[in-house]
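What's in start-v3.cif: mmCIF, C-alpha atoms
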data_input
#
loop_
_atom_site.label_atom_id
_atom_site.label_comp_id
_atom_site.auth_asym_id
_atom_site.auth_seq_id
_atom_site.Cartn_x
_atom_site.Cartn_y
_atom_site.Cartn_z
CA MET A 1 -36.01 -118.20 50.49
CA ALA A 2 -34.13 -114.96 51.27
CA VAL A 3 -31.16 -116.91 52.62
CA VAL A 4 -30.74 -119.12 49.54
CA LEU A 5 -27.53 -118.60 47.55
CA PRO A 6 -28.53 -116.84 44.29
CA GLU A 7 -27.92 -118.92 41.19
CA GLY A 8 -24.48 -118.39 39.72
CA GLU A 9 -23.13 -116.52 42.74
CA ASP A 10 -20.03 -117.36 44.76
CA LEU A 11 -20.74 -118.86 48.21
CA ASN A 12 -17.95 -116.93 49.97
CA GLU A 13 -19.15 -113.64 48.49
CA TRP A 14 -22.72 -114.39 49.64
CA LEU A 15 -21.51 -115.19 53.16
CA ALA A 16 -19.40 -112.02 53.32
CA VAL A 17 -22.23 -109.80 52.13
CA ASN A 18 -24.73 -111.25 54.59
CA THR A 19 -22.25 -110.86 57.44
CA VAL A 20 -21.85 -107.11 56.90
CA GLY A 21 -25.54 -106.23 57.02
CA SER A 22 -28.94 -106.11 55.40
CA THR A 23 -28.43 -102.77 53.65
CA ILE A 24 -25.23 -104.02 52.06
CA ARG A 25 -27.14 -107.03 50.82
CA MET A 26 -29.80 -104.84 49.22
CA ASN A 27 -27.32 -102.52 47.56
CA ARG A 28 -25.19 -105.40 46.30
CA VAL A 29 -28.24 -106.88 44.61
CA LYS A 30 -29.28 -103.51 43.17
CA ARG A 31 -25.83 -102.54 41.97
CA LYS A 32 -22.83 -104.83 41.60
CA PHE A 33 -20.34 -102.00 41.27
CA PHE A 34 -18.15 -102.88 44.24
CA ASP A 35 -18.58 -106.63 44.30
CA LYS A 36 -16.45 -109.66 43.64
CA ASN A 37 -14.56 -107.94 40.85
CA LYS A 38 -13.16 -105.49 43.41
CA THR A 39 -12.80 -107.62 46.53
CA PHE A 40 -9.28 -108.97 46.54
CA LYS A 41 -8.72 -112.69 46.79
CA PRO A 42 -5.12 -113.93 46.92
CA LYS A 43 -4.13 -115.94 43.86
CA LYS A 44 -3.07 -118.73 46.19
CA ASN A 45 -4.71 -119.49 49.50
CA TYR A 46 -2.43 -119.42 52.50
CA GLU A 47 -1.44 -123.06 52.89
CA LYS A 48 -1.98 -124.43 56.36
CA GLY A 49 1.30 -124.91 58.16
CA THR A 50 3.15 -122.20 56.24
CA ALA A 51 4.59 -119.08 57.87
CA ARG A 52 2.20 -116.80 56.01
CA TYR A 53 -0.82 -118.87 57.05
CA ASP A 54 0.26 -118.61 60.68
CA LEU A 55 0.75 -114.86 60.36
CA HIS A 56 -2.68 -114.38 58.83
CA ARG A 57 -4.20 -116.51 61.61
CA LYS A 58 -2.48 -114.33 64.22
CA ALA A 59 -3.99 -111.21 62.65
CA LYS A 60 -7.46 -112.75 62.75
CA GLU A 61 -7.11 -114.01 66.31
CA THR A 62 -5.90 -110.71 67.75
CA TYR A 63 -8.67 -108.81 65.94
CA SER A 64 -11.29 -111.23 67.25
CA SER A 65 -10.04 -110.71 70.79
CA GLY A 66 -11.65 -107.25 70.78
CA ASN A 67 -8.47 -105.43 71.83
CA LEU A 68 -7.87 -103.39 68.68
CA ARG A 69 -4.79 -101.66 70.06
CA MET A 70 -3.08 -105.00 70.56
CA ALA A 71 -4.46 -106.40 67.31
CA VAL A 72 -2.26 -104.09 65.24
CA VAL A 73 1.02 -104.71 67.06
CA LEU A 74 3.66 -106.60 65.08
CA PRO A 75 3.89 -110.12 66.55
CA GLU A 76 7.25 -110.86 68.11
CA GLY A 77 9.75 -112.29 65.64
CA GLU A 78 7.64 -111.52 62.56
CA ASP A 79 8.69 -109.55 59.49
CA LEU A 80 7.25 -106.03 59.30
CA ASN A 81 6.60 -106.10 55.55
CA GLU A 82 4.78 -109.42 55.83
CA TRP A 83 2.59 -107.98 58.60
CA LEU A 84 1.82 -104.89 56.55
CA ALA A 85 0.98 -106.98 53.48
CA VAL A 86 -1.34 -109.43 55.28
CA ASN A 87 -3.26 -106.62 56.98
CA THR A 88 -3.49 -104.49 53.83
CA VAL A 89 -5.56 -107.18 52.11
CA ASP A 90 -8.02 -107.22 55.02
CA PHE A 91 -8.28 -103.43 55.28
CA TYR A 92 -8.84 -103.18 51.54
CA ASN A 93 -11.66 -105.71 51.63
CA GLN A 94 -13.25 -104.04 54.67
CA ILE A 95 -13.45 -100.60 53.13
CA ASN A 96 -14.57 -102.03 49.81
CA LEU A 97 -17.57 -103.69 51.47
CA ILE A 98 -18.35 -100.62 53.58
CA PHE A 99 -18.39 -98.30 50.59
CA GLY A 100 -20.36 -100.86 48.63
CA SER A 101 -23.15 -100.50 51.18
CA ILE A 102 -23.67 -96.81 50.34
CA SER A 103 -22.32 -96.60 46.79
CA THR A 104 -25.80 -96.05 45.35
CA PHE A 105 -25.87 -92.73 47.25
CA CYS A 106 -22.47 -91.63 45.90
CA THR A 107 -23.16 -90.65 42.30
CA ALA A 108 -21.51 -88.02 40.15
CA GLU A 109 -24.59 -85.85 40.69
CA ILE A 110 -24.70 -86.21 44.47
CA CYS A 111 -20.91 -86.06 45.01
CA PRO A 112 -19.48 -84.14 42.03
CA ILE A 113 -16.11 -83.80 43.77
CA MET A 114 -14.12 -86.10 46.04
CA SER A 115 -14.07 -84.30 49.35
CA ALA A 116 -14.20 -84.55 53.13
CA GLY A 117 -16.21 -81.51 54.09
CA SER A 118 -15.81 -78.06 52.57
CA ARG A 119 -12.12 -77.69 53.48
CA PHE A 120 -10.69 -80.85 51.96
CA GLU A 121 -10.90 -81.73 48.28
CA TYR A 122 -8.95 -84.61 46.74
CA LEU A 123 -7.70 -84.54 43.16
CA TRP A 124 -6.84 -87.58 41.08
CA ALA A 125 -3.94 -88.50 38.82
CA ASP A 126 -2.84 -92.04 38.08
CA PRO A 127 0.01 -92.87 40.49
CA GLY A 128 3.34 -92.55 38.75
CA SER A 129 1.98 -90.43 35.89
CA LYS A 130 3.17 -86.92 35.12
CA VAL A 131 -0.37 -85.69 34.51
CA ARG A 132 -1.51 -82.86 36.75
CA PRO A 133 -4.10 -84.07 39.29
CA GLN A 134 -7.65 -83.16 38.33
CA PRO A 135 -10.96 -82.91 40.23
CA VAL A 136 -13.20 -85.93 39.63
CA PRO A 137 -16.50 -87.12 41.14
CA ALA A 138 -16.09 -89.03 44.40
CA ILE A 139 -17.38 -92.25 42.84
CA GLN A 140 -14.72 -92.08 40.14
CA TYR A 141 -11.96 -91.24 42.61
CA ILE A 142 -12.88 -94.13 44.90
CA ASP A 143 -13.24 -96.55 42.00
CA ASN A 144 -9.80 -95.47 40.77
CA VAL A 145 -8.31 -96.03 44.23
CA LEU A 146 -9.85 -99.47 44.66
CA ASN A 147 -8.75 -100.57 41.20
CA TRP A 148 -5.24 -99.23 41.76
CA VAL A 149 -4.87 -100.98 45.13
CA LYS A 150 -6.27 -104.23 43.74
CA ASN A 151 -3.73 -104.14 40.93
CA LEU A 152 -0.95 -103.59 43.46
CA LEU A 153 -2.12 -106.54 45.54
CA GLU A 154 -2.05 -108.73 42.44
CA ASP A 155 1.44 -107.57 41.43
CA GLU A 156 3.89 -110.32 42.43
CA GLU A 157 6.80 -107.89 42.39
CA ILE A 158 5.12 -105.69 45.03
CA PHE A 159 3.05 -108.18 47.03
CA PRO A 160 4.76 -111.54 46.46
CA SER A 161 2.48 -114.50 47.12
CA SER A 162 5.39 -116.65 48.24
CA TYR A 163 6.72 -116.09 51.74
CA GLU A 164 10.23 -116.72 50.43
CA ASP A 165 10.16 -113.87 47.88
CA SER A 166 11.37 -110.41 48.87
CA PHE A 167 9.36 -107.20 48.94
CA PRO A 168 10.63 -104.28 46.81
CA SER A 169 12.98 -101.74 48.35
CA ASN A 170 10.33 -99.01 48.01
CA PHE A 171 7.60 -101.09 49.66
CA ALA A 172 7.24 -98.67 52.59
CA LYS A 173 6.62 -95.77 50.21
CA ILE A 174 4.01 -97.75 48.27
CA ILE A 175 2.23 -98.86 51.44
CA LYS A 176 2.03 -95.31 52.79
CA ASN A 177 0.45 -94.13 49.55
CA VAL A 178 -2.09 -96.96 49.73
CA TYR A 179 -3.13 -96.12 53.28
CA LYS A 180 -3.30 -92.41 52.56
CA LYS A 181 -5.81 -93.03 49.80
CA LEU A 182 -7.80 -95.56 51.82
CA PHE A 183 -8.01 -92.99 54.63
CA ARG A 184 -9.52 -90.51 52.18
CA ILE A 185 -12.30 -92.96 51.40
CA TYR A 186 -13.12 -93.22 55.10
CA ALA A 187 -13.05 -89.42 55.37
CA HIS A 188 -15.50 -89.07 52.47
CA ILE A 189 -17.84 -91.69 53.92
CA TYR A 190 -17.95 -89.97 57.31
CA TYR A 191 -18.55 -86.50 55.87
CA SER A 192 -20.86 -87.29 52.98
CA HIS A 193 -22.60 -90.59 53.75
CA PHE A 194 -22.72 -91.10 57.51
CA GLU A 195 -26.45 -90.40 57.45
CA GLN A 196 -27.00 -93.37 55.12
CA ILE A 197 -24.72 -95.50 57.32
CA MET A 198 -26.84 -94.58 60.37
CA GLN A 199 -30.10 -95.27 58.55
CA SER A 200 -28.85 -98.75 57.75
CA GLY A 201 -27.79 -99.34 61.35
CA GLU A 202 -24.17 -99.92 60.33
CA GLU A 203 -22.51 -97.07 62.23
CA ALA A 204 -21.08 -99.39 64.89
CA HIS A 205 -19.54 -101.57 62.20
CA LEU A 206 -18.09 -98.55 60.40
CA ASN A 207 -16.68 -97.12 63.63
CA THR A 208 -15.07 -100.42 64.60
CA CYS A 209 -13.48 -100.84 61.17
CA PHE A 210 -12.15 -97.29 61.18
CA LYS A 211 -10.86 -97.62 64.74
CA HIS A 212 -8.93 -100.74 63.77
CA PHE A 213 -7.65 -98.98 60.63
CA TYR A 214 -6.60 -95.90 62.61
CA PHE A 215 -4.72 -97.88 65.27
CA PHE A 216 -2.86 -99.68 62.49
CA ILE A 217 -1.79 -96.58 60.58
CA ARG A 218 -0.82 -94.87 63.84
CA GLU A 219 1.19 -97.86 65.04
CA PHE A 220 3.32 -97.90 61.89
CA ARG A 221 3.14 -94.17 61.04
CA LEU A 222 1.62 -94.81 57.64
CA VAL A 223 -0.38 -91.58 57.27
CA ASP A 224 0.75 -88.06 58.17
CA ASP A 225 -1.18 -86.09 60.79
CA ARG A 226 -1.91 -83.38 58.24
CA GLU A 227 -3.59 -85.94 55.99
CA MET A 228 -5.76 -87.11 58.90
CA ALA A 229 -6.97 -83.59 59.75
CA PRO A 230 -10.50 -84.08 58.29
CA LEU A 231 -11.26 -86.69 60.95
CA ALA A 232 -9.29 -85.08 63.78
CA GLU A 233 -12.28 -84.87 66.13
CA LEU A 234 -13.24 -88.49 65.55
CA ILE A 235 -9.64 -89.57 66.02
CA GLN A 236 -9.42 -87.64 69.29
CA ASN A 237 -12.51 -89.43 70.57
CA ILE A 238 -10.94 -92.75 69.61
CA GLY A 239 -7.74 -91.85 71.40
CA ASP A 240 -9.62 -90.93 74.57
CA ARG A 241 -11.16 -94.40 74.88
#

Starting from the file, lay out its structure as structure tokens.
Amino acid sequence: MAVVLPEGEDLNEWLAVNTVGSTIRMNRVKRKFFDKNKTFKPKKNYEKGTARYDLHRKAKETYSSGNLRMAVVLPEGEDLNEWLAVNTVDFYNQINLIFGSISTFCTAEICPIMSAGSRFEYLWADPGSKVRPQPVPAIQYIDNVLNWVKNLLEDEEIFPSSYEDSFPSNFAKIIKNVYKKLFRIYAHIYYSHFEQIMQSGEEAHLNTCFKHFYFFIREFRLVDDREMAPLAELIQNIGDR
């Protein structure tokens, strides 16, 4: 009976949760904080035979090949912004599910500040606001990031659903800000919750997802080296392989 789709639940969500791991399943049942309301689903599915469908299929095929370095390379003849947009949706959903697996251990009491070790603390201010950034609990910071990115992905002027529509002139700047903040979530997970990840047996999954993420941001220079300093040792080990 454990494999039966719970009444009222979405089949695709149930499949995704069960694919990631047993601990994610347990935490999703216990606390639906990072569930289907956060996971981004395009307003329109990529129609088979369209250019965007083919591009998304290429991304999936190269990732499945196991060669993560090659998986991030822009396919010949493809538009850079389209490649960035298609992959951003996948990276967003990956990190959302990963954090969902340990979110019950990231409370305001356990993680009163958003940090990556003792040397790196991240402050929050709504992007575009003139309010001075303030310290907030990690759970609030991460929730703010995921909501902000989800809203961007749903904004037709920034991430147009039609292949024929143009991306904004400041798209590169927006994308870099997105990946900087997603990197900070990875950094917090590794420093503050890797023990829970190991206890659930999901460290290999986390490492593979981060390795893919790192190769992508390195390939397109989306995050500054200074911003990646908290995970410098991990990144060096990745680079040596």

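Between Gly100 in chain A and the candidates A:Ile142, A:Val131, A:Lys173, A:Leu152, the tightest atom-to-atom separation, counting only C-alpha atoms, involves A:Ile142.
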
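Minimum atom-to-atom distances from A:Asn177, A:Asn144, A:Pro135, A:Phe99 to His193 in chain A were compared using only C-alpha atoms, and the lowest value belongs to A:Phe99.
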
Considering all atoms listed in the file, return as a PyMOL selection string whatever protein or nucleic-acid residues lie within 6 Å of range 115-121 of chain A, sequence-local ones (same chain, fewer than 2 positions apart) excluded.
chain A and resi 113+187-188+191

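If you measure from each of A:Lys180, A:Tyr122, A:Leu153, A:Ala108 to Gln140 in chain A using all atoms listed in the file, the closest one turns out to be A:Ala108.
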
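Using all atoms listed in the file, the nearest neighbour of Glu76 in chain A within the list A:Leu55, A:Met198, A:Asp224, A:Asp90 is A:Leu55.
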
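Taking only C-alpha atoms into account, the polymer residues that have an atom no farther than 7 Å from (-1.2, -85.2, 40.8) are Leu123, Trp124, Ala125, Val131, Arg132 and Pro133 of chain A.
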
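Each of A:Ala204, A:Ala229, A:Ile217, A:Leu222 was checked against Ile174 in chain A using all atoms listed in the file; the smallest atom-to-atom distance is that of A:Leu222.
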
Would you kindly translate the PyMOL selection byres ((chain A and resi 159) around 12) into the concrete residues it picks from this file, as a PyMOL selection string?
chain A and resi 42-43+81-89+149-158+160-172+174-175

Explicit residues for the PyMOL selection byres ((chain A and resi 205) around 12) (as a PyMOL selection string):
chain A and resi 19-21+24+94-95+97-98+101+194+197-198+200-204+206-212

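Counting all atoms listed in the file and comparing A:Phe91, A:Tyr141, A:Trp148, A:Tyr190, the residue that lies closest to Phe215 in chain A is A:Phe91.
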
Matched chain/residue IDs from the PyMOL selection byres ((chain A and resi 73) around 10), as a PDB file with C-alpha atoms, keeping the file's coordinate frame:
ATOM      1  CA  ALA A  59      -3.990-111.210  62.650  1.00  0.00           C
ATOM      2  CA  THR A  62      -5.900-110.710  67.750  1.00  0.00           C
ATOM      3  CA  LEU A  68      -7.870-103.390  68.680  1.00  0.00           C
ATOM      4  CA  ARG A  69      -4.790-101.660  70.060  1.00  0.00           C
ATOM      5  CA  MET A  70      -3.080-105.000  70.560  1.00  0.00           C
ATOM      6  CA  ALA A  71      -4.460-106.400  67.310  1.00  0.00           C
ATOM      7  CA  VAL A  72      -2.260-104.090  65.240  1.00  0.00           C
ATOM      8  CA  LEU A  74       3.660-106.600  65.080  1.00  0.00           C
ATOM      9  CA  PRO A  75       3.890-110.120  66.550  1.00  0.00           C
ATOM     10  CA  GLU A  76       7.250-110.860  68.110  1.00  0.00           C
ATOM     11  CA  TRP A  83       2.590-107.980  58.600  1.00  0.00           C
ATOM     12  CA  PHE A 215      -4.720 -97.880  65.270  1.00  0.00           C
ATOM     13  CA  PHE A 216      -2.860 -99.680  62.490  1.00  0.00           C
ATOM     14  CA  GLU A 219       1.190 -97.860  65.040  1.00  0.00           C
ATOM     15  CA  PHE A 220       3.320 -97.900  61.890  1.00  0.00           C
TER      16      PHE A 220
END

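The gap separating CA of Arg218 in chain A from CA of Val178 in chain A is 14.3 Å, in Å to one decimal.
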
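Note that CA of Gly77 in chain A and CA of Phe213 in chain A are 22.5 Å apart.
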
Axis-aligned box over every listed atom of range 195-203 of chain A, padded by 4 Å per side: centre and edges in Å to one decimal, as JSON?
{"center_x": -26.3, "center_y": -95.2, "center_z": 58.7, "size_x": 15.6, "size_y": 17.5, "size_z": 15.1}

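The coordinates place CA of Ala138 in chain A at 21.7 Å from CA of Tyr214 in chain A.
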